[in-house]
$ cat query.pdb   # PDB, C-alpha atoms
MODEL        1
ATOM      1  CA  MET A  26     112.996 -88.103  33.035
ATOM      2  CA  ILE A  27     112.738 -88.277  36.825
ATOM      3  CA  THR A  28     111.739 -85.214  38.734
ATOM      4  CA  ALA A  29     111.975 -84.746  42.471
ATOM      5  CA  THR A  30     109.827 -82.477  44.493
ATOM      6  CA  PRO A  31     111.941 -80.577  46.989
ATOM      7  CA  HIS A  32     110.963 -81.016  50.648
ATOM      8  CA  ARG A  33     112.035 -78.960  53.536
ATOM      9  CA  ALA A  34     114.549 -80.551  55.791
ATOM     10  CA  PRO A  35     113.028 -81.387  59.166
ATOM     11  CA  LEU A  36     113.869 -78.895  61.857
ATOM     12  CA  PRO A  37     116.016 -80.268  64.619
ATOM     13  CA  HIS A  38     114.119 -80.653  67.848
ATOM     14  CA  ALA A  39     114.998 -78.140  70.489
ATOM     15  CA  LEU A  40     116.994 -79.625  73.281
ATOM     16  CA  PRO A  41     115.194 -79.528  76.598
ATOM     17  CA  VAL A  42     116.490 -76.863  78.930
ATOM     18  CA  PRO A  43     117.316 -78.397  82.306
ATOM     19  CA  SER A  44     115.100 -76.933  84.956
ATOM     20  CA  SER A  45     116.000 -76.159  88.505
ATOM     21  CA  SER A  46     114.794 -78.349  91.323
ATOM     22  CA  VAL A  47     114.712 -78.176  95.084
ATOM     23  CA  ARG A  48     116.819 -80.692  96.967
ATOM     24  CA  SER A  49     118.324 -81.218 100.392
ATOM     25  CA  ALA A  50     121.733 -79.648 100.868
ATOM     26  CA  HIS A  51     124.854 -81.740 101.430
ATOM     27  CA  GLU A  52     128.002 -80.995 103.412
ATOM     28  CA  GLU A  53     129.795 -80.519 100.089
ATOM     29  CA  ASP A  54     127.507 -77.525  99.386
ATOM     30  CA  ALA A  55     128.847 -75.557 102.373
ATOM     31  CA  ALA A  56     131.281 -73.285 100.512
ATOM     32  CA  GLU A  57     128.685 -72.548  97.841
ATOM     33  CA  LEU A  58     126.048 -71.730 100.483
ATOM     34  CA  ALA A  59     128.455 -69.336 102.175
ATOM     35  CA  GLU A  60     129.211 -67.699  98.802
ATOM     36  CA  LEU A  61     125.499 -67.423  97.900
ATOM     37  CA  SER A  62     124.810 -65.773 101.267
ATOM     38  CA  ARG A  63     127.734 -63.307 101.113
ATOM     39  CA  PRO A  64     125.902 -60.440  99.285
ATOM     40  CA  PHE A  65     123.069 -60.678 101.812
ATOM     41  CA  VAL A  66     125.530 -60.584 104.692
ATOM     42  CA  HIS A  67     127.164 -57.455 103.226
ATOM     43  CA  SER A  68     123.743 -55.789 102.856
ATOM     44  CA  GLY A  69     122.885 -56.573 106.494
ATOM     45  CA  ALA A  70     120.021 -58.910 105.581
ATOM     46  CA  LEU A  71     121.759 -62.053 106.880
ATOM     47  CA  ARG A  72     124.200 -62.902 109.642
ATOM     48  CA  GLU A  73     127.613 -64.069 108.583
ATOM     49  CA  ARG A  74     128.079 -67.811 108.917
ATOM     50  CA  PRO A  75     131.339 -69.603 108.106
ATOM     51  CA  ALA A  76     131.308 -72.469 105.605
ATOM     52  CA  SER A  77     131.994 -74.849 108.503
ATOM     53  CA  LEU A  78     128.626 -73.909 110.041
ATOM     54  CA  TYR A  79     126.850 -74.596 106.741
ATOM     55  CA  ALA A  80     128.606 -77.976 106.611
ATOM     56  CA  ALA A  81     127.640 -78.822 110.189
ATOM     57  CA  HIS A  82     123.989 -77.859 109.580
ATOM     58  CA  ALA A  83     123.639 -78.983 105.946
ATOM     59  CA  ALA A  84     120.685 -81.192 106.939
ATOM     60  CA  ASP A  85     118.716 -77.998 107.802
ATOM     61  CA  PHE A  86     118.967 -76.636 104.258
ATOM     62  CA  LEU A  87     117.025 -76.920 101.059
ATOM     63  CA  VAL A  88     118.635 -75.581  97.901
ATOM     64  CA  THR A  89     117.427 -74.808  94.404
ATOM     65  CA  GLN A  90     119.806 -75.776  91.647
ATOM     66  CA  THR A  91     119.819 -76.418  87.922
ATOM     67  CA  PRO A  92     122.017 -79.436  87.117
ATOM     68  CA  GLY A  93     125.567 -78.350  86.320
ATOM     69  CA  ARG A  94     125.031 -74.818  87.619
ATOM     70  CA  PRO A  95     125.635 -73.048  90.943
ATOM     71  CA  ILE A  96     123.026 -73.123  93.691
ATOM     72  CA  GLU A  97     120.392 -70.428  93.018
ATOM     73  CA  GLY A  98     118.739 -70.230  96.431
ATOM     74  CA  CYS A  99     118.613 -71.736  99.891
ATOM     75  CA  VAL A 100     116.611 -71.797 103.095
ATOM     76  CA  GLY A 101     117.323 -73.418 106.448
ATOM     77  CA  LEU A 102     114.630 -75.032 108.609
ATOM     78  CA  ARG A 103     115.489 -75.667 112.238
ATOM     79  CA  VAL A 104     112.928 -77.587 114.290
ATOM     80  CA  HIS A 105     112.387 -76.574 117.918
ATOM     81  CA  PRO A 106     110.714 -79.242 120.053
ATOM     82  CA  ALA A 107     107.571 -78.564 122.033
ATOM     83  CA  VAL A 108     108.182 -76.895 125.380
ATOM     84  CA  PRO A 109     106.274 -78.583 128.206
ATOM     85  CA  GLY A 110     103.562 -76.340 129.603
ATOM     86  CA  GLU A 111     103.292 -74.097 126.521
ATOM     87  CA  GLY A 112     100.373 -76.009 125.042
ATOM     88  CA  ARG A 113     101.764 -76.330 121.540
ATOM     89  CA  GLY A 114     103.751 -78.829 119.560
ATOM     90  CA  PRO A 115     107.083 -78.405 117.837
ATOM     91  CA  VAL A 116     107.677 -75.343 115.665
ATOM     92  CA  GLY A 117     110.165 -74.487 112.975
ATOM     93  CA  VAL A 118     112.369 -71.492 112.302
ATOM     94  CA  LEU A 119     113.261 -70.533 108.735
ATOM     95  CA  TYR A 120     116.663 -68.925 108.435
ATOM     96  CA  ASN A 121     119.281 -67.889 105.891
ATOM     97  CA  PHE A 122     116.653 -67.619 103.130
ATOM     98  CA  CYS A 123     118.317 -66.136 100.049
ATOM     99  CA  VAL A 124     118.165 -66.237  96.264
ATOM    100  CA  ALA A 125     121.016 -65.278  93.928
ATOM    101  CA  GLY A 126     120.501 -61.879  92.311
ATOM    102  CA  HIS A 127     120.273 -63.299  88.775
ATOM    103  CA  SER A 128     117.505 -65.707  89.893
ATOM    104  CA  GLN A 129     115.349 -63.252  91.818
ATOM    105  CA  GLY A 130     111.875 -62.670  90.429
ATOM    106  CA  ARG A 131     111.846 -66.057  88.666
ATOM    107  CA  GLY A 132     109.968 -68.054  91.315
ATOM    108  CA  VAL A 133     113.025 -69.566  92.995
ATOM    109  CA  GLY A 134     112.140 -68.174  96.437
ATOM    110  CA  ALA A 135     108.479 -69.120  96.071
ATOM    111  CA  GLY A 136     109.472 -72.670  95.114
ATOM    112  CA  LEU A 137     111.726 -72.950  98.142
ATOM    113  CA  LEU A 138     109.025 -71.566 100.417
ATOM    114  CA  ARG A 139     106.337 -73.934  99.064
ATOM    115  CA  THR A 140     108.675 -76.890  99.573
ATOM    116  CA  VAL A 141     109.660 -75.924 103.112
ATOM    117  CA  LEU A 142     105.981 -75.344 104.014
ATOM    118  CA  ALA A 143     105.154 -78.860 102.769
ATOM    119  CA  MET A 144     108.055 -80.277 104.793
ATOM    120  CA  ALA A 145     106.900 -78.459 107.925
ATOM    121  CA  ARG A 146     103.380 -79.830 107.522
ATOM    122  CA  ALA A 147     104.745 -83.346 106.926
ATOM    123  CA  GLN A 148     106.692 -83.025 110.204
ATOM    124  CA  SER A 149     103.485 -81.914 111.995
ATOM    125  CA  LEU A 150     104.972 -78.597 113.068
ATOM    126  CA  ASP A 151     102.461 -76.245 114.662
ATOM    127  CA  ALA A 152     103.947 -73.056 113.219
ATOM    128  CA  LEU A 153     106.883 -71.547 111.377
ATOM    129  CA  PHE A 154     108.791 -68.436 112.396
ATOM    130  CA  THR A 155     111.266 -66.280 110.542
ATOM    131  CA  ALA A 156     112.936 -62.912 110.996
ATOM    132  CA  THR A 157     113.370 -60.378 108.223
ATOM    133  CA  THR A 158     115.109 -57.055 107.948
ATOM    134  CA  GLY A 159     113.272 -56.362 104.680
ATOM    135  CA  GLY A 160     109.618 -56.028 103.800
ATOM    136  CA  GLY A 161     108.939 -59.766 103.961
ATOM    137  CA  GLY A 162     106.624 -59.595 100.935
ATOM    138  CA  LEU A 163     107.092 -63.230  99.920
ATOM    139  CA  PHE A 164     106.373 -64.446 103.448
ATOM    140  CA  LEU A 165     103.303 -62.222 103.731
ATOM    141  CA  ARG A 166     101.954 -63.539 100.397
ATOM    142  CA  TYR A 167     102.236 -67.055 101.812
ATOM    143  CA  GLY A 168     100.267 -66.280 104.970
ATOM    144  CA  PHE A 169     102.956 -65.225 107.418
ATOM    145  CA  ALA A 170     102.062 -62.361 109.749
ATOM    146  CA  PRO A 171     103.987 -60.208 112.237
ATOM    147  CA  ALA A 172     104.336 -61.821 115.661
ATOM    148  CA  PRO A 173     105.747 -60.782 119.030
ATOM    149  CA  ALA A 174     109.040 -62.377 120.062
ATOM    150  CA  ARG A 175     107.357 -64.015 123.076
ATOM    151  CA  LEU A 176     105.523 -66.428 120.730
ATOM    152  CA  ALA A 177     108.717 -67.599 119.024
ATOM    153  CA  PRO A 178     111.107 -70.224 120.410
ATOM    154  CA  SER A 179     112.889 -68.325 123.163
ATOM    155  CA  SER A 180     116.397 -69.575 122.317
ATOM    156  CA  TRP A 181     115.999 -68.313 118.746
ATOM    157  CA  ALA A 182     114.263 -65.030 119.608
ATOM    158  CA  GLU A 183     116.968 -64.219 122.188
ATOM    159  CA  SER A 184     119.667 -64.858 119.569
ATOM    160  CA  LEU A 185     118.343 -62.111 117.260
ATOM    161  CA  ASP A 186     120.574 -59.038 117.190
ATOM    162  CA  PRO A 187     118.403 -56.043 118.196
ATOM    163  CA  ARG A 188     120.685 -53.731 116.173
ATOM    164  CA  ARG A 189     119.452 -55.404 112.983
ATOM    165  CA  ASN A 190     115.861 -54.324 113.731
ATOM    166  CA  ALA A 191     114.405 -57.555 112.306
ATOM    167  CA  ARG A 192     110.675 -58.245 112.333
ATOM    168  CA  ILE A 193     109.489 -61.653 113.449
ATOM    169  CA  LEU A 194     106.894 -63.264 111.195
ATOM    170  CA  THR A 195     104.938 -66.455 111.832
ATOM    171  CA  LYS A 196     102.605 -68.808 110.024
ATOM    172  CA  VAL A 197     100.368 -71.208 111.888
ATOM    173  CA  LEU A 198     100.229 -74.555 110.082
TER     174      LEU A 198
ENDMDL
END

$ encode --input "query.pdb" --output "structure tokens"
Amino acid sequence: MITATPHRAPLPHALPVPSSSVRSAHEEDAAELAELSRPFVHSGALRERPASLYAAHAADFLVTQTPGRPIEGCVGLRVHPAVPGEGRGPVGVLYNFCVAGHSQGRGVGAGLLRTVLAMARAQSLDALFTATTGGGGLFLRYGFAPAPARLAPSSWAESLDPRRNARILTKVL
């Protein structure tokens, strides 16, 4: 008589969950960037920008995305060249920083900010500026501090709508 000892069947291995990554935006992302930004525009946190503007300035943007899913967050970095006589090098302005509601609190914004800070350092920028209508907690945690408009690139600072009551923050790199 042959007897067999029962063995448990091996458990199937869990499939890896694709993780999100930060990448440069492409012109094809323009409509999705406009859609991602829409709730922030409606809340007054961001200015409205048409998809055509996102397409034209796609090279400014970093996005966070999980493969096969919509973009979860974005940030634009515009470089302003050094102004002769000001005694500083080029600086950057962060703009249109937003994270989809379902991705907030999961590190998406922090990942974008760490990546854009590394890019700014790699480009030898002297400082970064941003404007916020909110508390700016993420920026403050990463070393940004309130700054007067006179320290920011004048073309950008003059473009800020005073009715939005935005605070300018800066980080020296």

$ resolve_selection --input "query.pdb" --expression "the PyMOL selection byres ((chain A and resi 167-172) around 10)" --output "list in words"
Ala135, Leu138, Arg139, Leu142, Ala152, Leu153, Phe154, Thr155, Ala156, Gly161, Gly162, Leu163, Phe164, Leu165, Arg166, Pro173, Ala174, Arg175, Leu176, Ala177, Arg192, Ile193, Leu194, Thr195, Lys196, Val197 and Leu198 of chain A

$ axis_aligned_box --input "query.pdb" --around "region 183-195 of chain A" --padding-each-side "3 Å" --output "lines of an AutoDock Vina configuration file"
center_x = 112.8
center_y = -60.1
center_z = 116.7
size_x = 21.7
size_y = 18.7
size_z = 17.0

$ atom_distance --input "query.pdb" --atom1 "CA of Gly69 (chain A)" --atom2 "CA of Gly98 (chain A)"
17.5 Å

$ atom_distance --input "query.pdb" --atom1 "CA of Ser45 (chain A)" --atom2 "CA of Thr158 (chain A)"
27.3 Å

$ resolve_selection --input "query.pdb" --expression "the PyMOL selection byres ((chain A and resi 72-83) around 10)" --output "ChimeraX atom specification"
/A:49-60,62-63,65-71,84-87,101-103,120-121,185-186,189

$ atom_distance --input "query.pdb" --atom1 "CA of Cys123 (chain A)" --atom2 "CA of Ala143 (chain A)"
18.5 Å

$ resolve_selection --input "query.pdb" --expression "the PyMOL selection byres ((chain A and resi 133) around 12)" --output "number ranges by chain"
A: 44-47, 87-91, 96-100, 122-132, 134-140, 163

$ closest_residue --input "query.pdb" --among "A:Arg48, A:Arg94, A:Ala107, A:Val118" --to "Trp181 (chain A)" --atoms "only C-alpha atoms"
A:Val118

$ residues_around --input "query.pdb" --residues "Pro106 (chain A)" --least-positions-apart "5" --cutoff "12 Å" --atoms "all atoms listed in the file" --output "list in words"
Glu111, Gly112, Arg113, Gly114, Pro115, Val116, Gly117, Val118, Gln148, Ser149, Leu150, Asp151, Ala152, Ala177, Pro178, Ser179 and Ser180 of chain A
